[in-house]
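File shown: coords.cif (mmCIF, C-alpha atoms and all ligand atoms).
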```cif
data_entry
#
loop_
_atom_site.label_atom_id
_atom_site.label_comp_id
_atom_site.auth_asym_id
_atom_site.auth_seq_id
_atom_site.Cartn_x
_atom_site.Cartn_y
_atom_site.Cartn_z
CA MET E 1 -50.10 88.23 5.29
CA THR E 2 -47.89 89.23 8.19
CA THR E 3 -44.59 90.77 7.19
CA THR E 4 -41.55 88.72 7.98
CA SER E 5 -38.14 90.13 8.70
CA PHE E 6 -34.79 88.86 7.45
CA SER E 7 -34.13 87.62 10.94
CA ASP E 8 -37.38 85.56 10.85
CA LEU E 9 -36.09 83.92 7.69
CA GLY E 10 -33.05 82.67 9.57
CA VAL E 11 -30.51 85.14 8.20
CA ALA E 12 -27.43 85.34 10.45
CA GLU E 13 -26.35 88.44 12.38
CA PRO E 14 -23.36 89.59 10.29
CA LEU E 15 -25.60 89.60 7.22
CA LEU E 16 -28.40 91.38 9.10
CA ARG E 17 -25.92 94.07 10.00
CA ALA E 18 -25.00 94.59 6.36
CA LEU E 19 -28.68 94.67 5.39
CA ARG E 20 -29.35 97.34 7.98
CA THR E 21 -26.61 99.47 6.45
CA GLU E 22 -28.29 99.02 3.06
CA ASN E 23 -31.67 99.96 4.57
CA TYR E 24 -33.27 96.71 3.49
CA GLU E 25 -36.10 96.48 5.97
CA THR E 26 -38.41 93.86 4.56
CA PRO E 27 -37.53 90.85 2.43
CA THR E 28 -39.01 90.95 -1.07
CA PRO E 29 -41.36 88.06 -1.97
CA ILE E 30 -38.63 86.10 -3.76
CA GLN E 31 -36.32 86.55 -0.77
CA ALA E 32 -39.03 85.46 1.66
CA GLN E 33 -39.54 82.28 -0.35
CA ALA E 34 -36.00 81.43 -1.39
CA ILE E 35 -33.96 82.16 1.74
CA PRO E 36 -35.48 79.57 4.11
CA LEU E 37 -35.48 76.87 1.41
CA LEU E 38 -31.86 77.49 0.55
CA LEU E 39 -30.77 77.66 4.16
CA ALA E 40 -32.49 74.28 4.65
CA GLY E 41 -30.30 72.90 1.86
CA HIS E 42 -32.90 72.46 -0.89
CA ASP E 43 -32.26 72.83 -4.58
CA VAL E 44 -34.41 75.70 -5.83
CA LEU E 45 -35.87 76.58 -9.21
CA GLY E 46 -36.76 80.27 -9.09
CA ILE E 47 -38.78 82.13 -11.67
CA ALA E 48 -38.06 85.80 -11.13
CA GLN E 49 -36.94 88.82 -13.09
CA THR E 50 -34.32 91.38 -12.20
CA GLY E 51 -35.75 94.03 -9.96
CA THR E 52 -37.41 91.48 -7.69
CA GLY E 53 -34.46 91.25 -5.31
CA LYS E 54 -33.32 87.88 -6.65
CA THR E 55 -29.62 88.63 -6.24
CA ALA E 56 -29.90 88.97 -2.48
CA ALA E 57 -32.28 85.99 -2.46
CA PHE E 58 -29.40 83.71 -3.42
CA CYS E 59 -26.36 85.68 -2.21
CA LEU E 60 -27.52 85.86 1.41
CA PRO E 61 -28.06 82.11 1.98
CA LEU E 62 -25.00 81.29 -0.08
CA LEU E 63 -22.76 83.50 2.06
CA GLN E 64 -24.29 82.15 5.22
CA LEU E 65 -23.98 78.48 4.28
CA ILE E 66 -20.40 78.86 3.10
CA ALA E 67 -19.45 80.71 6.28
CA GLU E 68 -21.11 78.09 8.49
CA ASN E 69 -19.44 75.22 6.75
CA ARG E 70 -16.14 76.67 5.72
CA ARG E 71 -13.90 74.19 4.01
CA HIS E 72 -10.81 75.13 2.13
CA PRO E 73 -11.40 74.09 -1.48
CA GLY E 74 -7.66 73.50 -2.01
CA PRO E 75 -5.29 75.20 -4.46
CA ARG E 76 -7.09 76.50 -7.57
CA GLY E 77 -10.32 75.21 -6.04
CA VAL E 78 -13.70 76.96 -5.82
CA GLY E 79 -16.21 76.54 -2.98
CA ALA E 80 -19.30 78.01 -4.63
CA LEU E 81 -19.90 78.93 -8.24
CA ILE E 82 -22.33 81.50 -9.60
CA LEU E 83 -22.78 81.56 -13.38
CA ALA E 84 -24.19 84.64 -15.09
CA PRO E 85 -24.77 85.27 -18.80
CA THR E 86 -23.24 88.75 -19.04
CA ARG E 87 -20.30 90.62 -17.63
CA GLU E 88 -22.52 93.33 -16.20
CA LEU E 89 -24.64 90.85 -14.32
CA ALA E 90 -21.52 89.08 -13.02
CA VAL E 91 -20.08 92.38 -11.79
CA GLN E 92 -23.35 93.21 -10.17
CA ILE E 93 -23.58 89.90 -8.34
CA GLY E 94 -19.99 90.44 -7.20
CA GLU E 95 -21.03 93.80 -5.78
CA GLY E 96 -23.92 92.11 -3.99
CA LEU E 97 -21.55 89.58 -2.44
CA ARG E 98 -19.25 92.36 -1.31
CA THR E 99 -22.08 94.43 0.13
CA TYR E 100 -23.96 91.68 1.93
CA GLY E 101 -20.85 89.75 2.91
CA ARG E 102 -18.82 92.67 4.22
CA HIS E 103 -18.76 91.26 7.77
CA MET E 104 -18.29 87.63 6.76
CA GLY E 105 -14.60 87.47 5.86
CA LEU E 106 -15.22 85.34 2.78
CA ARG E 107 -13.29 85.74 -0.46
CA HIS E 108 -14.88 85.99 -3.84
CA THR E 109 -13.73 86.96 -7.29
CA ILE E 110 -15.20 87.58 -10.71
CA VAL E 111 -14.15 85.68 -13.79
CA LEU E 112 -15.16 87.16 -17.10
CA GLY E 113 -13.99 87.57 -20.65
CA GLY E 114 -12.83 90.74 -22.34
CA VAL E 115 -10.24 91.54 -19.66
CA GLY E 116 -6.84 90.03 -18.90
CA GLN E 117 -6.99 86.64 -17.23
CA ASN E 118 -3.96 86.97 -14.95
CA PRO E 119 -5.60 88.80 -12.04
CA GLN E 120 -8.39 86.19 -12.15
CA VAL E 121 -5.90 83.32 -12.14
CA ARG E 122 -4.02 84.89 -9.23
CA ALA E 123 -7.21 85.42 -7.23
CA ILE E 124 -8.06 81.72 -7.47
CA ALA E 125 -4.54 80.28 -7.19
CA ARG E 126 -4.75 79.57 -3.47
CA GLY E 127 -8.38 78.47 -3.62
CA ILE E 128 -11.38 80.75 -3.12
CA ASP E 129 -14.79 80.66 -1.41
CA ILE E 130 -16.97 82.00 -4.22
CA VAL E 131 -16.48 82.63 -7.94
CA VAL E 132 -18.93 84.60 -10.06
CA ALA E 133 -18.28 83.80 -13.71
CA THR E 134 -19.46 84.03 -17.26
CA PRO E 135 -19.32 80.52 -18.71
CA GLY E 136 -16.86 81.00 -21.59
CA ARG E 137 -13.96 82.47 -19.62
CA LEU E 138 -14.45 80.04 -16.77
CA LEU E 139 -14.18 77.06 -19.12
CA ASP E 140 -11.10 78.65 -20.62
CA LEU E 141 -9.39 78.87 -17.23
CA VAL E 142 -10.45 75.33 -16.35
CA ASN E 143 -9.06 74.02 -19.64
CA GLN E 144 -5.77 75.79 -19.00
CA GLY E 145 -5.59 74.13 -15.59
CA HIS E 146 -5.90 77.37 -13.62
CA VAL E 147 -9.18 76.47 -11.93
CA ARG E 148 -10.55 73.24 -10.45
CA LEU E 149 -14.27 72.77 -10.01
CA ASP E 150 -14.23 69.48 -8.09
CA ALA E 151 -14.70 71.14 -4.69
CA VAL E 152 -17.81 73.14 -5.61
CA THR E 153 -20.60 72.54 -3.10
CA LYS E 154 -23.04 75.20 -4.36
CA LEU E 155 -23.95 76.13 -7.90
CA VAL E 156 -26.12 79.10 -8.88
CA LEU E 157 -27.26 79.67 -12.47
CA ASP E 158 -28.61 83.16 -12.81
CA GLU E 159 -30.77 84.27 -15.72
CA ALA E 160 -30.77 80.83 -17.28
CA ASP E 161 -33.08 81.94 -20.08
CA ARG E 162 -30.49 84.53 -21.11
CA MET E 163 -27.80 81.88 -21.05
CA LEU E 164 -29.96 80.05 -23.56
CA ASP E 165 -30.55 83.13 -25.73
CA MET E 166 -26.86 83.89 -25.79
CA GLY E 167 -25.86 80.37 -26.71
CA PHE E 168 -24.19 79.46 -23.40
CA ILE E 169 -26.26 76.43 -22.51
CA HIS E 170 -23.66 74.09 -23.98
CA ASP E 171 -20.88 75.68 -21.91
CA VAL E 172 -23.09 75.50 -18.82
CA ARG E 173 -23.58 71.77 -19.36
CA LYS E 174 -19.82 71.29 -19.76
CA ILE E 175 -19.18 73.17 -16.54
CA ALA E 176 -21.87 71.26 -14.66
CA ALA E 177 -20.28 67.98 -15.75
CA LEU E 178 -17.09 69.00 -13.90
CA LEU E 179 -18.85 69.59 -10.58
CA PRO E 180 -19.40 67.06 -7.84
CA LYS E 181 -22.84 65.40 -8.03
CA GLU E 182 -23.23 66.04 -4.31
CA ARG E 183 -24.00 69.74 -4.23
CA GLN E 184 -26.77 72.29 -3.79
CA THR E 185 -28.01 73.87 -7.01
CA LEU E 186 -30.12 76.91 -7.67
CA LEU E 187 -31.43 78.04 -11.02
CA PHE E 188 -33.05 81.41 -11.62
CA SER E 189 -34.77 82.40 -14.81
CA ALA E 190 -37.17 85.14 -15.79
CA THR E 191 -39.01 82.78 -18.13
CA MET E 192 -39.12 79.00 -18.43
CA PRO E 193 -38.80 77.98 -22.07
CA LYS E 194 -38.56 74.22 -22.69
CA PRO E 195 -34.74 74.05 -22.99
CA VAL E 196 -34.40 75.78 -19.61
CA GLU E 197 -36.89 73.30 -18.09
CA ARG E 198 -34.76 70.48 -19.49
CA LEU E 199 -31.58 71.99 -18.12
CA ALA E 200 -33.20 72.41 -14.72
CA ALA E 201 -34.33 68.78 -14.77
CA GLU E 202 -30.75 67.69 -15.49
CA LEU E 203 -29.00 69.88 -12.93
CA LEU E 204 -31.37 70.15 -9.98
CA ARG E 205 -32.34 67.41 -7.55
CA ALA E 206 -35.90 67.42 -6.21
CA PRO E 207 -36.04 71.20 -6.58
CA GLN E 208 -38.50 73.40 -4.75
CA ARG E 209 -40.10 75.61 -7.34
CA ILE E 210 -40.75 79.21 -6.41
CA GLU E 211 -42.21 81.90 -8.55
CA VAL E 212 -42.81 85.55 -7.95
CA THR E 213 -44.98 87.98 -9.77
CA PRO E 214 -45.43 86.68 -13.28
CA THR E 215 -43.96 88.90 -15.95
CA ALA E 216 -47.14 90.94 -16.33
CA SER E 217 -47.27 92.27 -12.81
CA THR E 218 -43.56 93.07 -12.49
CA VAL E 219 -44.16 96.12 -14.57
CA GLU E 220 -47.41 97.20 -13.00
CA ARG E 221 -45.95 100.09 -11.08
CA ILE E 222 -44.47 101.56 -14.21
CA ASP E 223 -46.32 104.18 -16.18
CA GLN E 224 -45.95 102.85 -19.72
CA GLN E 225 -46.69 105.04 -22.69
CA VAL E 226 -46.29 104.60 -26.39
CA PHE E 227 -45.68 107.24 -29.04
CA PHE E 228 -46.70 106.23 -32.56
CA VAL E 229 -44.07 107.91 -34.65
CA GLU E 230 -42.29 107.58 -37.96
CA SER E 231 -38.77 106.25 -37.72
CA ARG E 232 -37.30 109.51 -39.03
CA GLU E 233 -39.10 111.49 -36.31
CA LYS E 234 -37.67 109.58 -33.38
CA ARG E 235 -34.60 111.73 -33.04
CA ALA E 236 -36.61 114.95 -32.71
CA LEU E 237 -39.07 113.29 -30.34
CA LEU E 238 -36.24 112.20 -28.07
CA ALA E 239 -34.76 115.70 -28.06
CA GLU E 240 -38.14 117.14 -27.28
CA LEU E 241 -38.72 114.77 -24.38
CA MET E 242 -35.25 115.46 -22.99
CA ALA E 243 -36.12 119.16 -22.79
CA ASP E 244 -38.18 118.20 -19.75
CA ALA E 245 -35.92 118.37 -16.70
CA GLY E 246 -38.14 115.76 -15.06
CA LEU E 247 -36.29 113.19 -17.14
CA GLU E 248 -33.43 113.20 -14.69
CA ARG E 249 -31.81 109.85 -15.18
CA VAL E 250 -32.75 108.09 -18.38
CA ILE E 251 -31.86 104.83 -20.08
CA VAL E 252 -32.53 104.83 -23.83
CA PHE E 253 -32.64 101.42 -25.50
CA THR E 254 -31.74 100.78 -29.10
CA ARG E 255 -31.74 97.48 -30.98
CA THR E 256 -28.22 97.79 -32.39
CA LYS E 257 -24.78 98.81 -31.14
CA HIS E 258 -24.45 101.21 -34.01
CA GLY E 259 -27.82 102.72 -33.09
CA ALA E 260 -26.69 103.19 -29.49
CA ASP E 261 -23.58 105.08 -30.61
CA ARG E 262 -25.56 107.22 -33.00
CA VAL E 263 -28.25 108.19 -30.48
CA ALA E 264 -25.65 108.98 -27.80
CA GLU E 265 -23.79 111.15 -30.27
CA GLN E 266 -26.95 112.99 -31.32
CA LEU E 267 -27.88 113.63 -27.72
CA GLY E 268 -24.38 114.94 -27.06
CA LYS E 269 -24.65 117.35 -29.96
CA GLY E 270 -27.91 118.58 -28.50
CA GLY E 271 -26.20 119.33 -25.21
CA VAL E 272 -27.44 116.27 -23.32
CA ALA E 273 -24.63 114.32 -21.64
CA ALA E 274 -25.02 110.71 -22.80
CA GLU E 275 -22.93 107.55 -22.70
CA ALA E 276 -23.36 104.51 -24.96
CA LEU E 277 -23.13 101.00 -23.53
CA HIS E 278 -22.88 97.99 -25.81
CA GLY E 279 -21.01 94.80 -26.47
CA ASN E 280 -18.42 96.32 -28.83
CA LYS E 281 -16.93 98.35 -26.01
CA SER E 282 -14.19 96.97 -23.83
CA GLN E 283 -15.09 95.89 -20.34
CA ASN E 284 -13.30 98.92 -18.92
CA ALA E 285 -15.09 101.33 -21.23
CA ARG E 286 -18.40 99.76 -20.24
CA GLN E 287 -17.65 100.11 -16.56
CA ARG E 288 -16.58 103.72 -17.08
CA ALA E 289 -19.79 104.54 -18.95
CA LEU E 290 -21.88 102.91 -16.26
CA GLU E 291 -20.02 104.70 -13.50
CA LYS E 292 -20.49 108.04 -15.20
CA PHE E 293 -24.20 107.38 -15.48
CA ARG E 294 -24.47 106.09 -11.93
CA THR E 295 -22.75 109.13 -10.47
CA GLY E 296 -24.76 111.63 -12.52
CA GLY E 297 -21.94 112.65 -14.91
CA ALA E 298 -24.16 111.51 -17.77
CA ARG E 299 -27.89 112.09 -17.72
CA VAL E 300 -28.57 109.43 -20.32
CA LEU E 301 -27.27 105.94 -20.88
CA VAL E 302 -27.95 104.60 -24.37
CA ALA E 303 -27.79 100.82 -24.28
CA THR E 304 -28.48 97.66 -26.24
CA ASP E 305 -30.36 94.81 -24.58
CA ILE E 306 -27.43 92.55 -23.99
CA ALA E 307 -25.27 95.26 -22.49
CA ALA E 308 -28.13 96.33 -20.28
CA ARG E 309 -28.61 92.96 -18.62
CA GLY E 310 -28.01 93.26 -14.96
CA ILE E 311 -27.53 97.01 -14.89
CA ASP E 312 -28.62 98.09 -11.47
CA VAL E 313 -28.69 101.83 -11.12
CA ASP E 314 -30.97 103.35 -8.55
CA ASP E 315 -33.35 106.18 -9.33
CA VAL E 316 -33.61 105.74 -13.07
CA THR E 317 -36.59 108.04 -13.68
CA HIS E 318 -37.33 107.05 -17.26
CA VAL E 319 -36.70 104.23 -19.69
CA ILE E 320 -37.11 105.12 -23.35
CA ASN E 321 -37.45 102.42 -25.98
CA TYR E 322 -36.07 104.28 -28.96
CA GLU E 323 -36.65 101.07 -30.84
CA LEU E 324 -38.95 98.33 -29.63
CA PRO E 325 -37.27 95.02 -28.90
CA ASN E 326 -38.17 92.07 -31.13
CA GLU E 327 -38.40 89.79 -28.09
CA PRO E 328 -41.21 90.85 -25.80
CA GLU E 329 -39.34 89.58 -22.72
CA SER E 330 -36.67 92.19 -23.40
CA TYR E 331 -39.31 94.86 -23.05
CA VAL E 332 -40.04 93.68 -19.52
CA HIS E 333 -36.34 93.66 -18.67
CA ARG E 334 -35.85 97.09 -20.15
CA VAL E 335 -38.71 98.82 -18.39
CA GLY E 336 -37.75 97.04 -15.18
CA ARG E 337 -34.62 99.24 -15.10
CA THR E 338 -36.83 101.97 -13.74
CA ALA E 339 -39.14 101.45 -10.76
CA ARG E 340 -36.47 99.46 -8.95
CA ALA E 341 -36.78 98.49 -5.34
CA GLY E 342 -40.32 99.74 -5.02
CA ALA E 343 -39.90 103.16 -6.67
CA ALA E 344 -42.26 104.37 -9.39
CA GLY E 345 -41.03 104.91 -12.93
CA VAL E 346 -41.98 105.87 -16.45
CA ALA E 347 -41.31 104.03 -19.69
CA PHE E 348 -41.80 105.64 -23.10
CA SER E 349 -41.80 103.51 -26.23
CA PHE E 350 -41.32 104.90 -29.71
CA CYS E 351 -43.24 102.70 -32.12
CA ASP E 352 -42.83 103.25 -35.85
CA PRO E 353 -45.09 101.52 -38.38
CA THR E 354 -42.63 98.63 -38.84
CA GLU E 355 -42.65 97.92 -35.11
CA GLN E 356 -46.34 97.48 -34.52
CA ALA E 357 -46.12 93.68 -34.47
CA TYR E 358 -43.50 93.95 -31.71
CA LEU E 359 -45.86 96.15 -29.75
CA ARG E 360 -48.63 93.58 -30.13
CA SER E 361 -46.39 90.79 -28.76
CA ILE E 362 -45.36 92.98 -25.84
CA GLU E 363 -48.94 93.72 -24.93
CA ARG E 364 -49.83 90.03 -25.26
CA LEU E 365 -47.05 89.13 -22.85
CA THR E 366 -47.67 91.83 -20.26
CA LYS E 367 -51.45 91.51 -20.70
CA ARG E 368 -51.56 95.23 -20.39
CA PRO E 369 -52.01 97.72 -23.22
CA LEU E 370 -49.63 100.65 -23.22
CA THR E 371 -51.19 104.06 -22.84
CA ILE E 372 -50.95 106.29 -25.88
CA ALA E 373 -48.82 109.22 -24.80
CA ARG E 374 -50.47 112.37 -23.67
CA GLY E 375 -49.36 115.85 -24.73
CA THR E 376 -47.74 114.25 -27.76
CA PRO E 377 -44.94 116.53 -28.92
CA GLY E 378 -44.79 118.13 -32.32
CA PRO E 379 -43.37 115.52 -34.65
CA VAL E 380 -45.91 112.90 -33.66
CA ALA E 381 -48.85 115.24 -33.75
CA ARG E 382 -47.95 116.30 -37.25
CA SER E 383 -47.69 112.83 -38.62
CA ALA E 384 -50.60 111.25 -36.80
CA PRO E 385 -53.45 112.27 -39.11
CA ALA E 386 -51.74 110.53 -42.00
CA ARG E 387 -52.06 107.23 -40.13
CA GLY E 388 -55.07 107.49 -37.91
CA GLY E 389 -57.04 110.18 -39.67
CA LYS E 390 -57.62 112.05 -36.40
CA PRO E 391 -55.49 114.36 -34.35
CA ARG E 392 -53.82 112.57 -31.48
CA SER E 393 -54.15 115.23 -28.84
CA GLY E 394 -56.47 114.15 -26.09
CA ALA E 395 -56.04 110.46 -26.90
CA THR E 396 -55.15 109.76 -23.35
CA ASP E 397 -57.82 107.57 -22.01
CA LYS E 398 -57.34 103.94 -22.71
CA THR E 399 -60.93 103.14 -23.56
CA ARG E 400 -60.89 105.68 -26.32
CA SER E 401 -57.39 105.32 -27.53
CA ARG E 402 -57.31 101.52 -27.69
CA PRO E 403 -59.63 100.86 -30.61
CA ARG E 404 -57.95 103.57 -32.57
CA GLY E 405 -54.58 102.13 -31.70
CA ARG E 406 -55.74 98.81 -33.08
CA GLN E 407 -56.97 100.36 -36.28
CA GLN E 408 -53.67 102.05 -36.76
CA ARG E 409 -51.90 98.80 -36.27
CA ALA E 410 -54.22 96.82 -38.49
CA ALA E 411 -53.68 99.35 -41.22
CA ALA E 412 -49.92 99.14 -40.88
P1 LIG E 501 -32.25 92.44 -8.12
O1 LIG E 501 -33.60 91.91 -8.52
O2 LIG E 501 -31.46 91.45 -7.38
O3 LIG E 501 -31.52 93.00 -9.32
O4 LIG E 501 -32.46 93.66 -7.09
C1 LIG E 501 -33.15 94.80 -7.41
C2 LIG E 501 -32.83 95.98 -6.49
O5 LIG E 501 -33.53 95.86 -5.27
C3 LIG E 501 -31.39 96.17 -6.13
O6 LIG E 501 -31.10 97.53 -6.28
C4 LIG E 501 -31.29 95.75 -4.68
O7 LIG E 501 -30.29 96.49 -4.03
C5 LIG E 501 -32.66 96.12 -4.17
N1 LIG E 501 -33.15 95.25 -3.09
C6 LIG E 501 -33.05 93.90 -3.05
N2 LIG E 501 -33.65 93.42 -1.95
C7 LIG E 501 -34.13 94.46 -1.27
C8 LIG E 501 -34.87 94.60 -0.05
N3 LIG E 501 -35.23 93.53 0.67
N4 LIG E 501 -35.20 95.84 0.36
C9 LIG E 501 -34.86 96.90 -0.40
N5 LIG E 501 -34.17 96.85 -1.55
C10 LIG E 501 -33.82 95.65 -2.00
#
```
Represent the structure of the file as structure tokens.
Ligand code: AMP
Amino acid sequence: MTTTSFSDLGVAEPLLRALRTENYETPTPIQAQAIPLLLAGHDVLGIAQTGTGKTAAFCLPLLQLIAENRRHPGPRGVGALILAPTRELAVQIGEGLRTYGRHMGLRHTIVLGGVGQNPQVRAIARGIDIVVATPGRLLDLVNQGHVRLDAVTKLVLDEADRMLDMGFIHDVRKIAALLPKERQTLLFSATMPKPVERLAAELLRAPQRIEVTPTASTVERIDQQVFFVESREKRALLAELMADAGLERVIVFTRTKHGADRVAEQLGKGGVAAEALHGNKSQNARQRALEKFRTGGARVLVATDIAARGIDVDDVTHVINYELPNEPESYVHRVGRTARAGAAGVAFSFCDPTEQAYLRSIERLTKRPLTIARGTPGPVARSAPARGGKPRSGATDKTRSRPRGRQQRAAA
């Protein structure tokens, strides 16, 4: 396949200039597929995960089309609407619009819950080109009469499957009902469960379906290792791993908010600068934690799945699953936080005996068994014989470690 450039895809000069500044040389596969279709005015159903470049895939054509066909949406009106399931993702898309659109002179704003509504109301009062919103707050502002959606010509639904998981599909339908029928619609989702298919069928007209790298291959570049460990040993294992300076910028995932706080606190006591990120924190506290992590003030970010959606921090060297997620798709999202934009990355998963079924679902989804960790630190080595009957050291090659891994799991 010959490599195309952004210019070959029809991207306009002011956007190309911004992309040069960002050092984006080659479009990613989702960009190569989506950009020409969107510029041609098609509705698009895109199956792609974060980390594939999907944000630019829809932001670039959106900015270009709005700039080419600039119409004032009228007071309190919105020209294009992007819906995202979480605040972090919305903020991130807003950053994308600012970065790629810096030479376009378009106005956008972000509408999300958990912060005061007045600045959002003011930003939209005179009408605005693009709004990035989480569904609940947007509906709130519409119901209060602060926002009109009858001038929207473009609708983007990002991470539709997450919208479903988080119970927003109903709000999305309500919002869609307020939009003009005559519009261009784009729906992105990492997976396509039935309710998302149904939603797509309702909202999109004759969509072009594009799909990049199925879930399994998204994570291929990532070195994925599992430590079989008792729950009570996880803390010591984490401390031991963190003693390696090679773990420069690390995201640790926990299942609960409380767990995230506790792990961050334990790391702090051990002298490792860590910030917790979860849904109980205010929007400002979450942004502060992220910023500290992004700028290197904290070496570790301890996050729950929902808070982690849409986090885009470059050069995350390691992802650690302190607890395995109960939804296998979350595993893919988590480990995708490392190895972004073509870089390599490492993901460690701590699997205690109660989590072995989760591990099995993950491996079924990714169609790729995790490697049993090499050089297993103390706590694991000590406890391994009790489960497997053999010492774990040297259990590094997949052909040997797999059957034993299965036995361990079957016995659990
Ligand atoms: P996304 O999947 O939209 O979350 O993007 C993943 C990451 O890839 C972000 O950090 C983008 O800045 C980066 N990125 C997106 N497109 C490109 C590209 N064509 N070249 C290099 N980096 C990119």
To one decimal place in Å, what is the distance between atom P1 of ligand LIG 501 (chain E) and atom CA of Val313 of chain E?
10.5 Å
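If you count all atoms listed in the file and ignore residues fewer than 6 places along the chain from Ala151 of chain E, what sits within 9 Å of it is His72, Pro73, Gly74, Gly77, Val78, Gly79, Ala80, Leu179 and Pro180 of chain E.
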Protein and nucleic residues near ligand LIG 501 (chain E), 6 Å, only C-alpha atoms and all ligand atoms, as a ChimeraX atom specification:
/E:24-28,50-56,312,340-341
Residues within 9 Å of Leu63 of chain E, please, as a PyMOL selection string. Count all atoms listed in the file; anything in the same chain fewer than 6 positions from it doesn't count.
chain E and resi 15+97+100-101+104+106+130
Within 12 Å of segment 183-200 of chain E, which residues of segment 77-111 of chain E show up? Give each one with its shortest atom-to-atom distance in Å (one decimal) and the two atoms involved, counting all atoms listed in the file, rows by chain then rising residue number, as CSV.
```
residue,atom,partner,partner_atom,distance
E:Gly79,CA,E:Arg183,CA,10.4
E:Ala80,CA,E:Gln184,CA,9.4
E:Leu81,CA,E:Thr185,CA,9.6
E:Ile82,CA,E:Leu186,CA,9.2
E:Leu83,CA,E:Leu187,CA,9.6
E:Ala84,CA,E:Phe188,CA,10.0
E:Pro85,CA,E:Ser189,CA,11.1
```
Select, from E:Arg122, E:His103, E:His42, E:Arg162, the residue with the minimum atom-to-atom distance to Ser330 of chain E, counting all atoms listed in the file.
E:Arg162
Atoms are missing here; could segment 269-280 of chain E be completed with N, CA, C and O atoms and written as a PDB file, in the frame of the given file?
```pdb
ATOM      1  N   LYS E 269     -24.634 116.132 -29.139  1.00  0.00           N
ATOM      2  CA  LYS E 269     -24.650 117.350 -29.960  1.00  0.00           C
ATOM      3  C   LYS E 269     -25.740 118.303 -29.508  1.00  0.00           C
ATOM      4  O   LYS E 269     -25.609 119.517 -29.647  1.00  0.00           O
ATOM      5  N   GLY E 270     -26.813 117.742 -28.982  1.00  0.00           N
ATOM      6  CA  GLY E 270     -27.910 118.580 -28.500  1.00  0.00           C
ATOM      7  C   GLY E 270     -27.684 119.073 -27.075  1.00  0.00           C
ATOM      8  O   GLY E 270     -28.601 119.607 -26.457  1.00  0.00           O
ATOM      9  N   GLY E 271     -26.502 118.811 -26.541  1.00  0.00           N
ATOM     10  CA  GLY E 271     -26.200 119.330 -25.210  1.00  0.00           C
ATOM     11  C   GLY E 271     -26.654 118.439 -24.064  1.00  0.00           C
ATOM     12  O   GLY E 271     -26.679 118.850 -22.909  1.00  0.00           O
ATOM     13  N   VAL E 272     -27.024 117.192 -24.380  1.00  0.00           N
ATOM     14  CA  VAL E 272     -27.440 116.270 -23.320  1.00  0.00           C
ATOM     15  C   VAL E 272     -26.301 115.262 -23.101  1.00  0.00           C
ATOM     16  O   VAL E 272     -25.924 114.540 -24.032  1.00  0.00           O
ATOM     17  N   ALA E 273     -25.746 115.231 -21.898  1.00  0.00           N
ATOM     18  CA  ALA E 273     -24.630 114.320 -21.640  1.00  0.00           C
ATOM     19  C   ALA E 273     -25.112 112.875 -21.694  1.00  0.00           C
ATOM     20  O   ALA E 273     -25.988 112.481 -20.926  1.00  0.00           O
ATOM     21  N   ALA E 274     -24.555 112.092 -22.620  1.00  0.00           N
ATOM     22  CA  ALA E 274     -25.020 110.710 -22.800  1.00  0.00           C
ATOM     23  C   ALA E 274     -23.840 109.783 -23.015  1.00  0.00           C
ATOM     24  O   ALA E 274     -22.832 110.157 -23.607  1.00  0.00           O
ATOM     25  N   GLU E 275     -23.964 108.569 -22.521  1.00  0.00           N
ATOM     26  CA  GLU E 275     -22.930 107.550 -22.700  1.00  0.00           C
ATOM     27  C   GLU E 275     -23.572 106.351 -23.402  1.00  0.00           C
ATOM     28  O   GLU E 275     -24.714 105.994 -23.097  1.00  0.00           O
ATOM     29  N   ALA E 276     -22.837 105.722 -24.311  1.00  0.00           N
ATOM     30  CA  ALA E 276     -23.360 104.510 -24.960  1.00  0.00           C
ATOM     31  C   ALA E 276     -22.766 103.284 -24.277  1.00  0.00           C
ATOM     32  O   ALA E 276     -21.620 103.290 -23.833  1.00  0.00           O
ATOM     33  N   LEU E 277     -23.576 102.236 -24.165  1.00  0.00           N
ATOM     34  CA  LEU E 277     -23.130 101.000 -23.530  1.00  0.00           C
ATOM     35  C   LEU E 277     -23.529  99.837 -24.426  1.00  0.00           C
ATOM     36  O   LEU E 277     -24.706  99.609 -24.653  1.00  0.00           O
ATOM     37  N   HIS E 278     -22.549  99.159 -24.991  1.00  0.00           N
ATOM     38  CA  HIS E 278     -22.880  97.990 -25.810  1.00  0.00           C
ATOM     39  C   HIS E 278     -21.701  97.035 -25.879  1.00  0.00           C
ATOM     40  O   HIS E 278     -20.601  97.330 -25.411  1.00  0.00           O
ATOM     41  N   GLY E 279     -21.969  95.888 -26.486  1.00  0.00           N
ATOM     42  CA  GLY E 279     -21.010  94.800 -26.470  1.00  0.00           C
ATOM     43  C   GLY E 279     -19.724  95.028 -27.253  1.00  0.00           C
ATOM     44  O   GLY E 279     -18.775  94.276 -27.093  1.00  0.00           O
ATOM     45  N   ASN E 280     -19.670  96.066 -28.101  1.00  0.00           N
ATOM     46  CA  ASN E 280     -18.420  96.320 -28.830  1.00  0.00           C
ATOM     47  C   ASN E 280     -17.413  97.090 -27.997  1.00  0.00           C
ATOM     48  O   ASN E 280     -16.287  97.294 -28.421  1.00  0.00           O
TER      49      ASN E 280
END
```
